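Structure file input_10.tsv (TSV, C-alpha atoms) follows.
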chain	number	residue	atom	x	y	z
X	1	MET	CA	40.67	38.69	-50.51
X	2	ALA	CA	40.71	35.31	-48.74
X	3	ILE	CA	37.76	36.42	-46.70
X	4	LEU	CA	35.80	37.37	-49.83
X	5	LYS	CA	36.53	33.97	-51.45
X	6	SER	CA	35.38	32.19	-48.35
X	7	TYR	CA	32.22	34.27	-48.26
X	8	GLY	CA	31.51	33.46	-51.92
X	9	ALA	CA	31.91	29.74	-51.27
X	10	CYS	CA	29.45	30.01	-48.39
X	11	LEU	CA	26.92	31.68	-50.63
X	12	ARG	CA	27.25	28.94	-53.27
X	13	GLU	CA	26.73	26.22	-50.65
X	14	SER	CA	23.66	27.94	-49.21
X	15	SER	CA	22.14	28.93	-52.55
X	16	PHE	CA	18.37	28.94	-52.80
X	17	GLN	CA	16.78	25.54	-53.51
X	18	PHE	CA	13.30	25.07	-54.96
X	19	PRO	CA	11.12	22.86	-52.77
X	20	ARG	CA	10.57	19.32	-54.02
X	21	SER	CA	7.13	18.36	-55.18
X	22	HIS	CA	5.15	16.56	-52.46
X	23	ARG	CA	3.29	14.42	-54.96
X	24	ILE	CA	5.96	11.75	-55.08
X	25	ASP	CA	6.32	11.73	-51.25
X	26	ASN	CA	2.55	11.50	-50.76
X	27	TYR	CA	2.38	8.62	-53.23
X	28	LYS	CA	5.11	6.79	-51.36
X	29	ARG	CA	3.35	7.34	-48.02
X	30	ARG	CA	0.09	5.90	-49.34
X	31	ASN	CA	1.88	2.77	-50.49
X	32	VAL	CA	3.96	2.13	-47.37
X	33	LYS	CA	2.47	-0.15	-44.71
X	34	TRP	CA	2.40	1.50	-41.28
X	35	ARG	CA	4.39	-0.38	-38.64
X	36	LEU	CA	3.82	-0.44	-34.89
X	37	PRO	CA	6.51	1.15	-32.72
X	38	GLN	CA	8.84	-1.52	-31.38
X	39	ALA	CA	8.01	-0.79	-27.74
X	40	ALA	CA	4.36	-1.64	-28.38
X	41	ILE	CA	5.02	-5.13	-29.72
X	42	ILE	CA	7.98	-6.28	-27.62
X	43	PRO	CA	6.63	-7.17	-24.18
X	44	ASP	CA	10.03	-6.95	-22.45
X	45	PHE	CA	11.15	-3.73	-24.14
X	46	HIS	CA	11.13	-2.05	-20.68
X	47	LEU	CA	12.77	-4.55	-18.38
X	48	PRO	CA	12.06	-4.37	-14.63
X	49	MET	CA	14.89	-3.44	-12.29
X	50	ARG	CA	14.80	-6.72	-10.44
X	51	SER	CA	17.55	-8.64	-8.69
X	52	PHE	CA	17.89	-12.40	-8.46
X	53	GLU	CA	20.25	-12.41	-5.49
X	54	VAL	CA	18.80	-14.81	-2.93
X	55	LYS	CA	20.49	-13.73	0.32
X	56	ASN	CA	17.84	-12.42	2.73
X	57	ARG	CA	15.18	-12.64	0.00
X	58	THR	CA	11.69	-13.85	0.84
X	59	SER	CA	9.58	-16.09	-1.37
X	60	ALA	CA	5.86	-15.83	-1.93
X	61	GLU	CA	5.51	-19.09	0.02
X	62	ASP	CA	7.03	-17.43	3.09
X	63	ILE	CA	4.48	-14.63	2.89
X	64	LYS	CA	1.59	-17.06	2.43
X	65	ALA	CA	2.27	-18.54	5.88
X	66	LEU	CA	1.75	-15.28	7.81
X	67	ARG	CA	-1.32	-15.24	10.05
X	68	LEU	CA	-1.15	-11.89	11.84
X	69	ILE	CA	-0.04	-8.88	9.81
X	70	THR	CA	-0.44	-5.43	11.35
X	71	ALA	CA	-1.16	-2.40	9.19
X	72	ILE	CA	1.19	-0.29	11.26
X	73	LYS	CA	0.46	3.30	12.28
X	74	THR	CA	2.86	6.10	11.30
X	75	PRO	CA	3.37	8.57	14.20
X	76	TYR	CA	4.45	12.20	13.77
X	77	LEU	CA	6.48	14.90	15.45
X	78	PRO	CA	4.75	18.26	16.14
X	79	ASP	CA	5.99	19.65	12.81
X	80	GLY	CA	4.49	16.73	10.90
X	81	ARG	CA	7.68	14.79	10.19
X	82	PHE	CA	7.93	11.09	11.07
X	83	ASP	CA	8.47	10.31	14.74
X	84	LEU	CA	10.83	7.38	14.19
X	85	GLU	CA	11.41	6.83	17.90
X	86	ALA	CA	7.69	6.31	18.49
X	87	TYR	CA	7.43	4.27	15.28
X	88	ASP	CA	10.19	1.92	16.41
X	89	GLY	CA	8.38	1.47	19.72
X	90	LEU	CA	5.17	0.54	17.94
X	91	VAL	CA	6.90	-2.02	15.72
X	92	ASN	CA	8.77	-3.52	18.67
X	93	MET	CA	5.49	-3.97	20.54
X	94	GLN	CA	4.06	-5.79	17.54
X	95	ILE	CA	7.01	-8.15	17.37
X	96	GLU	CA	6.95	-8.82	21.11
X	97	ASN	CA	3.26	-9.74	20.94
X	98	GLY	CA	3.50	-12.13	18.01
X	99	ALA	CA	2.76	-10.13	14.85
X	100	GLU	CA	4.51	-11.82	11.93
X	101	GLY	CA	4.35	-8.99	9.42
X	102	VAL	CA	3.74	-5.25	9.13
X	103	ILE	CA	2.23	-3.24	6.29
X	104	VAL	CA	4.27	-0.03	5.95
X	105	GLY	CA	2.62	3.05	4.50
X	106	GLY	CA	-0.78	1.48	3.95
X	107	THR	CA	-4.07	3.28	4.49
X	108	THR	CA	-3.66	2.88	8.25
X	109	GLY	CA	-0.07	4.13	8.01
X	110	GLU	CA	-1.27	7.08	5.92
X	111	GLY	CA	0.78	6.31	2.85
X	112	GLN	CA	-1.69	8.48	0.96
X	113	LEU	CA	-0.32	11.49	2.88
X	114	MET	CA	3.34	10.70	2.21
X	115	SER	CA	5.67	11.74	-0.56
X	116	TRP	CA	7.27	8.79	-2.32
X	117	ASP	CA	10.59	9.77	-0.76
X	118	GLU	CA	9.04	9.48	2.70
X	119	HIS	CA	7.33	6.26	1.72
X	120	ILE	CA	10.44	4.45	0.52
X	121	MET	CA	12.53	5.85	3.37
X	122	LEU	CA	10.10	4.39	5.94
X	123	ILE	CA	10.10	1.00	4.20
X	124	GLY	CA	13.90	0.99	4.17
X	125	HIS	CA	14.08	2.07	7.81
X	126	THR	CA	11.70	-0.72	8.85
X	127	VAL	CA	13.69	-3.34	6.95
X	128	ASN	CA	16.98	-2.05	8.35
X	129	CYS	CA	15.78	-2.10	11.96
X	130	PHE	CA	13.32	-5.00	12.06
X	131	GLY	CA	13.63	-7.01	8.85
X	132	GLY	CA	15.18	-9.97	10.67
X	133	SER	CA	12.27	-10.24	13.11
X	134	VAL	CA	9.17	-9.43	11.08
X	135	LYS	CA	8.17	-9.48	7.41
X	136	VAL	CA	8.06	-5.98	5.96
X	137	ILE	CA	5.35	-5.51	3.34
X	138	GLY	CA	5.54	-2.15	1.63
X	139	ASN	CA	2.45	-0.50	0.23
X	140	THR	CA	3.84	0.50	-3.16
X	141	GLY	CA	0.53	0.46	-5.01
X	142	SER	CA	-0.84	3.38	-6.97
X	143	ASN	CA	-3.61	4.23	-9.39
X	144	SER	CA	-0.82	5.02	-11.85
X	145	THR	CA	0.87	1.89	-13.19
X	146	ARG	CA	4.04	3.89	-13.85
X	147	GLU	CA	4.19	5.02	-10.21
X	148	ALA	CA	3.41	1.50	-8.95
X	149	ILE	CA	6.25	0.04	-11.02
X	150	HIS	CA	8.75	2.68	-9.89
X	151	ALA	CA	7.81	2.51	-6.20
X	152	THR	CA	7.86	-1.30	-6.21
X	153	GLU	CA	11.31	-1.38	-7.81
X	154	GLN	CA	12.54	0.98	-5.11
X	155	GLY	CA	10.79	-0.92	-2.31
X	156	PHE	CA	12.37	-4.23	-3.23
X	157	ALA	CA	15.72	-2.48	-3.75
X	158	VAL	CA	15.68	-1.28	-0.12
X	159	GLY	CA	14.82	-4.77	1.08
X	160	MET	CA	11.07	-5.09	1.60
X	161	HIS	CA	9.89	-8.70	1.67
X	162	ALA	CA	6.66	-8.19	-0.27
X	163	ALA	CA	4.56	-5.51	-1.90
X	164	LEU	CA	0.93	-4.56	-1.30
X	165	HIS	CA	-0.94	-3.45	-4.41
X	166	ILE	CA	-4.35	-1.87	-4.73
X	167	ASN	CA	-6.37	-1.61	-7.92
X	168	PRO	CA	-6.35	1.78	-9.69
X	169	TYR	CA	-8.82	4.01	-7.82
X	170	TYR	CA	-10.76	7.09	-8.95
X	171	GLY	CA	-9.60	6.86	-12.57
X	172	LYS	CA	-10.88	3.30	-12.79
X	173	THR	CA	-9.95	0.92	-15.58
X	174	SER	CA	-11.47	-2.14	-17.28
X	175	LEU	CA	-11.05	-5.71	-16.04
X	176	GLU	CA	-8.43	-6.25	-18.73
X	177	GLY	CA	-6.72	-3.09	-17.50
X	178	LEU	CA	-6.66	-4.49	-13.96
X	179	VAL	CA	-4.93	-7.64	-15.17
X	180	SER	CA	-2.36	-5.61	-17.10
X	181	HIS	CA	-1.77	-3.32	-14.10
X	182	PHE	CA	-1.10	-6.21	-11.70
X	183	ASN	CA	0.96	-8.15	-14.24
X	184	SER	CA	3.21	-5.09	-14.55
X	185	VAL	CA	4.31	-5.37	-10.91
X	186	LEU	CA	4.01	-9.07	-10.09
X	187	PRO	CA	7.32	-10.12	-11.69
X	188	MET	CA	9.26	-7.95	-9.23
X	189	GLY	CA	8.61	-10.04	-6.13
X	190	PRO	CA	6.05	-11.45	-3.67
X	191	THR	CA	2.82	-9.49	-3.91
X	192	ILE	CA	-0.43	-9.14	-1.95
X	193	ILE	CA	-3.35	-7.68	-3.89
X	194	TYR	CA	-5.71	-5.54	-1.81
X	195	ASN	CA	-9.41	-5.43	-2.63
X	196	VAL	CA	-11.34	-2.70	-0.78
X	197	PRO	CA	-14.17	-1.41	-3.01
X	198	SER	CA	-15.40	1.01	-0.34
X	199	ARG	CA	-12.21	3.02	-0.87
X	200	THR	CA	-11.36	2.41	-4.53
X	201	GLY	CA	-14.90	2.49	-5.94
X	202	GLN	CA	-14.23	-0.72	-7.90
X	203	ASP	CA	-14.32	-4.38	-6.92
X	204	ILE	CA	-11.56	-6.73	-8.06
X	205	PRO	CA	-13.72	-9.66	-9.18
X	206	PRO	CA	-12.70	-13.34	-9.00
X	207	ARG	CA	-12.15	-13.38	-12.77
X	208	VAL	CA	-9.24	-10.97	-12.38
X	209	VAL	CA	-7.81	-12.68	-9.30
X	210	ASN	CA	-7.96	-16.12	-10.91
X	211	THR	CA	-6.08	-14.76	-13.91
X	212	VAL	CA	-3.25	-13.08	-12.00
X	213	ALA	CA	-3.05	-16.04	-9.58
X	214	GLN	CA	-1.16	-17.86	-12.32
X	215	SER	CA	1.86	-15.76	-11.38
X	216	PRO	CA	4.16	-17.49	-8.85
X	217	SER	CA	4.74	-14.09	-7.26
X	218	LEU	CA	1.17	-13.72	-6.04
X	219	ALA	CA	1.24	-14.41	-2.31
X	220	GLY	CA	-2.49	-13.82	-1.83
X	221	ILE	CA	-5.36	-11.39	-1.48
X	222	LYS	CA	-6.34	-8.99	1.27
X	223	GLU	CA	-10.10	-9.21	0.84
X	224	CYS	CA	-12.63	-6.77	2.30
X	225	VAL	CA	-15.76	-7.84	0.39
X	226	GLY	CA	-16.69	-10.50	2.93
X	227	ASN	CA	-16.32	-14.09	4.02
X	228	ASP	CA	-18.29	-15.60	1.14
X	229	ARG	CA	-15.75	-14.17	-1.29
X	230	ILE	CA	-12.92	-15.39	0.94
X	231	GLU	CA	-14.28	-18.93	0.91
X	232	GLN	CA	-14.62	-18.79	-2.87
X	233	TYR	CA	-10.90	-18.12	-3.15
X	234	THR	CA	-9.68	-20.47	-0.45
X	235	GLY	CA	-11.71	-23.25	-2.04
X	236	ASN	CA	-9.58	-22.76	-5.15
X	237	GLY	CA	-6.30	-22.76	-3.24
X	238	ILE	CA	-5.74	-18.99	-3.23
X	239	VAL	CA	-4.36	-17.56	0.02
X	240	VAL	CA	-6.54	-14.85	1.57
X	241	TRP	CA	-6.23	-12.52	4.54
X	242	SER	CA	-9.34	-10.90	5.93
X	243	GLY	CA	-9.25	-7.14	5.66
X	244	ASN	CA	-12.15	-6.71	8.09
X	245	ASP	CA	-11.26	-7.01	11.77
X	246	ASP	CA	-14.89	-7.57	12.73
X	247	GLN	CA	-15.09	-10.62	10.43
X	248	CYS	CA	-11.58	-12.01	10.79
X	249	HIS	CA	-12.33	-14.61	13.50
X	250	ASP	CA	-14.95	-16.33	11.38
X	251	ALA	CA	-12.89	-15.83	8.23
X	252	ARG	CA	-9.95	-17.62	9.84
X	253	TRP	CA	-11.76	-20.50	11.48
X	254	SER	CA	-14.86	-21.03	9.31
X	255	HIS	CA	-13.99	-19.79	5.81
X	256	GLY	CA	-10.39	-20.83	5.27
X	257	ALA	CA	-8.58	-17.50	5.56
X	258	THR	CA	-4.91	-17.73	6.43
X	259	GLY	CA	-5.22	-14.82	8.85
X	260	VAL	CA	-5.86	-11.10	9.03
X	261	ILE	CA	-4.23	-7.85	8.00
X	262	SER	CA	-5.36	-5.91	11.02
X	263	VAL	CA	-5.83	-2.37	12.28
X	264	THR	CA	-6.96	-3.43	15.75
X	265	SER	CA	-3.67	-5.25	16.38
X	266	ASN	CA	-1.99	-1.84	16.64
X	267	LEU	CA	-3.81	-1.56	19.98
X	268	VAL	CA	-4.13	-5.15	21.24
X	269	PRO	CA	-1.60	-7.27	19.32
X	270	GLY	CA	-1.54	-10.02	21.91
X	271	LEU	CA	-5.30	-10.55	21.81
X	272	MET	CA	-5.36	-10.46	18.00
X	273	HIS	CA	-2.55	-13.03	18.00
X	274	GLU	CA	-4.63	-15.25	20.26
X	275	LEU	CA	-7.63	-14.81	17.96
X	276	MET	CA	-5.63	-15.94	14.90
X	277	PHE	CA	-3.50	-18.71	16.43
X	278	ASN	CA	-5.40	-20.50	19.20
X	279	GLY	CA	-8.51	-21.82	17.48
X	280	LYS	CA	-12.10	-20.68	17.66
X	281	ASN	CA	-12.74	-18.30	20.51
X	282	ALA	CA	-16.19	-16.78	20.26
X	283	SER	CA	-15.96	-15.16	23.70
X	284	LEU	CA	-12.73	-13.31	22.89
X	285	ASN	CA	-14.14	-12.25	19.53
X	286	ALA	CA	-17.23	-10.87	21.25
X	287	LYS	CA	-15.04	-9.08	23.78
X	288	LEU	CA	-13.14	-7.29	21.01
X	289	LEU	CA	-16.08	-6.39	18.78
X	290	PRO	CA	-17.08	-3.19	20.66
X	291	LEU	CA	-13.50	-1.90	20.33
X	292	ILE	CA	-13.41	-2.80	16.63
X	293	GLN	CA	-16.74	-1.09	16.01
X	294	TRP	CA	-15.50	2.01	17.83
X	295	LEU	CA	-12.35	2.08	15.68
X	296	PHE	CA	-14.31	2.19	12.44
X	297	GLU	CA	-17.15	4.58	13.31
X	298	GLU	CA	-15.20	7.16	11.32
X	299	PRO	CA	-12.90	6.38	8.38
X	300	ASN	CA	-9.70	4.62	9.37
X	301	PRO	CA	-7.19	5.74	10.71
X	302	ILE	CA	-9.03	8.48	12.64
X	303	GLY	CA	-10.07	6.18	15.48
X	304	LEU	CA	-6.69	4.47	15.70
X	305	ASN	CA	-4.78	7.75	15.77
X	306	THR	CA	-7.02	9.03	18.56
X	307	ALA	CA	-6.68	5.81	20.56
X	308	LEU	CA	-2.89	5.59	20.36
X	309	ALA	CA	-2.58	9.22	21.44
X	310	GLN	CA	-4.79	8.60	24.48
X	311	LEU	CA	-2.72	5.54	25.36
X	312	GLY	CA	0.36	7.78	25.37
X	313	VAL	CA	2.38	5.78	22.83
X	314	VAL	CA	2.33	8.45	20.10
X	315	ARG	CA	2.15	12.22	20.16
X	316	PRO	CA	-1.36	13.63	19.50
X	317	VAL	CA	-0.34	14.93	16.07
X	318	PHE	CA	-2.58	14.53	13.03
X	319	ARG	CA	-1.69	15.17	9.43
X	320	LEU	CA	-4.71	16.80	7.84
X	321	PRO	CA	-7.26	15.99	6.58
X	322	TYR	CA	-7.49	13.58	9.54
X	323	VAL	CA	-8.74	15.05	12.82
X	324	PRO	CA	-9.34	13.39	16.21
X	325	LEU	CA	-12.62	11.87	17.23
X	326	PRO	CA	-14.92	14.15	19.25
X	327	LEU	CA	-14.74	14.28	23.02
X	328	GLU	CA	-17.65	11.92	23.66
X	329	LYS	CA	-15.98	9.24	21.52
X	330	ARG	CA	-12.70	9.75	23.34
X	331	VAL	CA	-14.46	9.14	26.65
X	332	ILE	CA	-15.96	5.91	25.31
X	333	PHE	CA	-12.49	4.67	24.33
X	334	VAL	CA	-11.24	5.02	27.90
X	335	GLU	CA	-14.23	2.97	29.05
X	336	LEU	CA	-13.45	0.27	26.48
X	337	VAL	CA	-9.84	0.09	27.63
X	338	ASN	CA	-10.96	-0.39	31.23
X	339	GLU	CA	-13.44	-3.10	30.22
X	340	ILE	CA	-10.95	-5.09	28.15
X	341	GLY	CA	-8.06	-4.44	30.54
X	342	ARG	CA	-5.31	-1.85	30.21
X	343	GLU	CA	-2.72	-4.64	30.37
X	344	ASN	CA	-3.91	-5.93	27.00
X	345	PHE	CA	-3.17	-2.65	25.20
X	346	VAL	CA	0.15	-1.33	23.94
X	347	GLY	CA	2.13	1.10	26.06
X	348	GLU	CA	2.60	1.51	29.77
X	349	LYS	CA	1.04	4.89	30.56
X	350	ASP	CA	-2.43	5.25	31.98
X	351	VAL	CA	-5.10	5.83	29.37
X	352	GLN	CA	-6.53	9.32	29.50
X	353	VAL	CA	-9.15	11.50	27.84
X	354	LEU	CA	-7.33	14.17	25.86
X	355	ASP	CA	-8.76	17.66	25.49
X	356	ASP	CA	-9.32	19.27	22.11
X	357	ASN	CA	-6.40	21.62	22.77
X	358	ASP	CA	-4.04	18.68	23.28
X	359	PHE	CA	-4.15	17.76	19.59
X	360	ILE	CA	-1.94	19.28	16.91
X	361	LEU	CA	-3.28	19.40	13.35
X	362	VAL	CA	-0.64	19.82	10.64
X	363	GLY	CA	-1.46	20.92	7.13
X	364	ARG	CA	2.06	21.65	5.92
X	365	TYR	CA	4.93	19.30	6.64

Target encoding structure tokens, full file:
Amino acid sequence: MAILKSYGACLRESSFQFPRSHRIDNYKRRNVKWRLPQAAIIPDFHLPMRSFEVKNRTSAEDIKALRLITAIKTPYLPDGRFDLEAYDGLVNMQIENGAEGVIVGGTTGEGQLMSWDEHIMLIGHTVNCFGGSVKVIGNTGSNSTREAIHATEQGFAVGMHAALHINPYYGKTSLEGLVSHFNSVLPMGPTIIYNVPSRTGQDIPPRVVNTVAQSPSLAGIKECVGNDRIEQYTGNGIVVWSGNDDQCHDARWSHGATGVISVTSNLVPGLMHELMFNGKNASLNAKLLPLIQWLFEEPNPIGLNTALAQLGVVRPVFRLPYVPLPLEKRVIFVELVNEIGRENFVGEKDVQVLDDNDFILVGRY
């Protein structure tokens, strides 16, 4: 009987209800002013994960003083994983020959072929092993603002001294979108903005740079458009590093650039240091130009990867889609090394011409 009473009460509570007329609700909707979501009108609704602890932190002013920054190569084991032993050797050779900073996971370091886990791990490893001797600048840029924010938070959390940020590539945005993208990451710490239209398909014009330069976190610009653009910025007090090794001597000594973010310094760090520190040296610049031209005959880092393998300082392992330069180009590199002097290049082994079968191409890793 108790069960039946309970069942009857349940029926009464769940008795059929006629639907309310929508006329009153529709009238109310038409007379209610629509309000923006709170996240759209509160600029700090999503706060960055930043720390204000000062121990071991680097200011933008510290980064602005760097003259030779190497876009460091990432070497691989035969299965495609990072070869950290070879990587540590490369970084040590940079430090010993006067490089003041390294870009980790940039285009030269093949950040575009890394997972974000790999990327942040390599930044953290570099800071842990070398952060007291060289400034570690992590490439945490992305064409997705969300990814750039997340990677930059992680990069600074593992100790990088500065971030490198590119403008959104492929899915390009407006000039106002560029400003918003950069302003989303600048508050997190010292930042270098990288302008390389040949890769992104979009120039970062002075209008955008002058706007974001109001942020105290902007350390400067890595500029690949040319020395006229560099002089335009340096004339307005904006720090610039040349992104073109073949133009960096003139950029440094005739157009006001602070220095260079270099690919060539992976091979000849001592000579690149001399080029950036010891005043105008047209003869040294001319001596290096054939090597620089050889390095960039194919898209970077194909030439560099081939060269370092032939110098014996990294294993001849390529992550696809990169493949080694053809045999005739590999022969030319050995000739260039002999002309410039083997003692000026990294490593201690004799340079050699590798055969096609010596290279390992990895598609899955």

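The coordinates place atom CA of Ser59 of chain X at 7.9 Å from atom CA of Ser217 of chain X.
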
**OP:** State, in Å with one decimal place, the distance from atom CA of Thr140 of chain X to atom CA of Ala163 of chain X.
**Re:**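 One can read the atom CA of Thr140 of chain X to atom CA of Ala163 of chain X distance as 6.2 Å.
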
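Residue nearest His119 of chain X within the list X:Phe296, X:Tyr170, X:Phe82, X:Phe345: X:Phe82 [criterion: smallest interatomic distance, only C-alpha atoms].
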
Subject >> Residue nearest Met93 of chain X - candidates X:Gly141, X:Pro324, X:Gly259, X:Gly270, atoms counted: all atoms listed in the file >> reply: X:Gly270

Original post:
For the atom pair atom CA of Ile360 of chain X and atom CA of Glu328 of chain X, what is the interatomic distance in Å to one decimal place?
Top reply: 18.6 Å

**OP:** Choose the residue, out of X:Leu289, X:Leu325, X:Ala151, X:Val102, that has the smallest atom-to-atom separation from Val185 of chain X; count only C-alpha atoms.
**Re:**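 When distances to Val185 of chain X are compared using only C-alpha atoms, the smallest one comes from X:Ala151.
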
To test the calculation: enclose all listed atoms of segment 333-340 of chain X in a box whose edges run along x, y and z, add 8 Å on each side, then state centre and edge lengths in Å to one decimal, as AutoDock Vina command-line options.
--center_x -12.0 --center_y 0.0 --center_z 27.8 --size_x 20.4 --size_y 26.1 --size_z 22.9
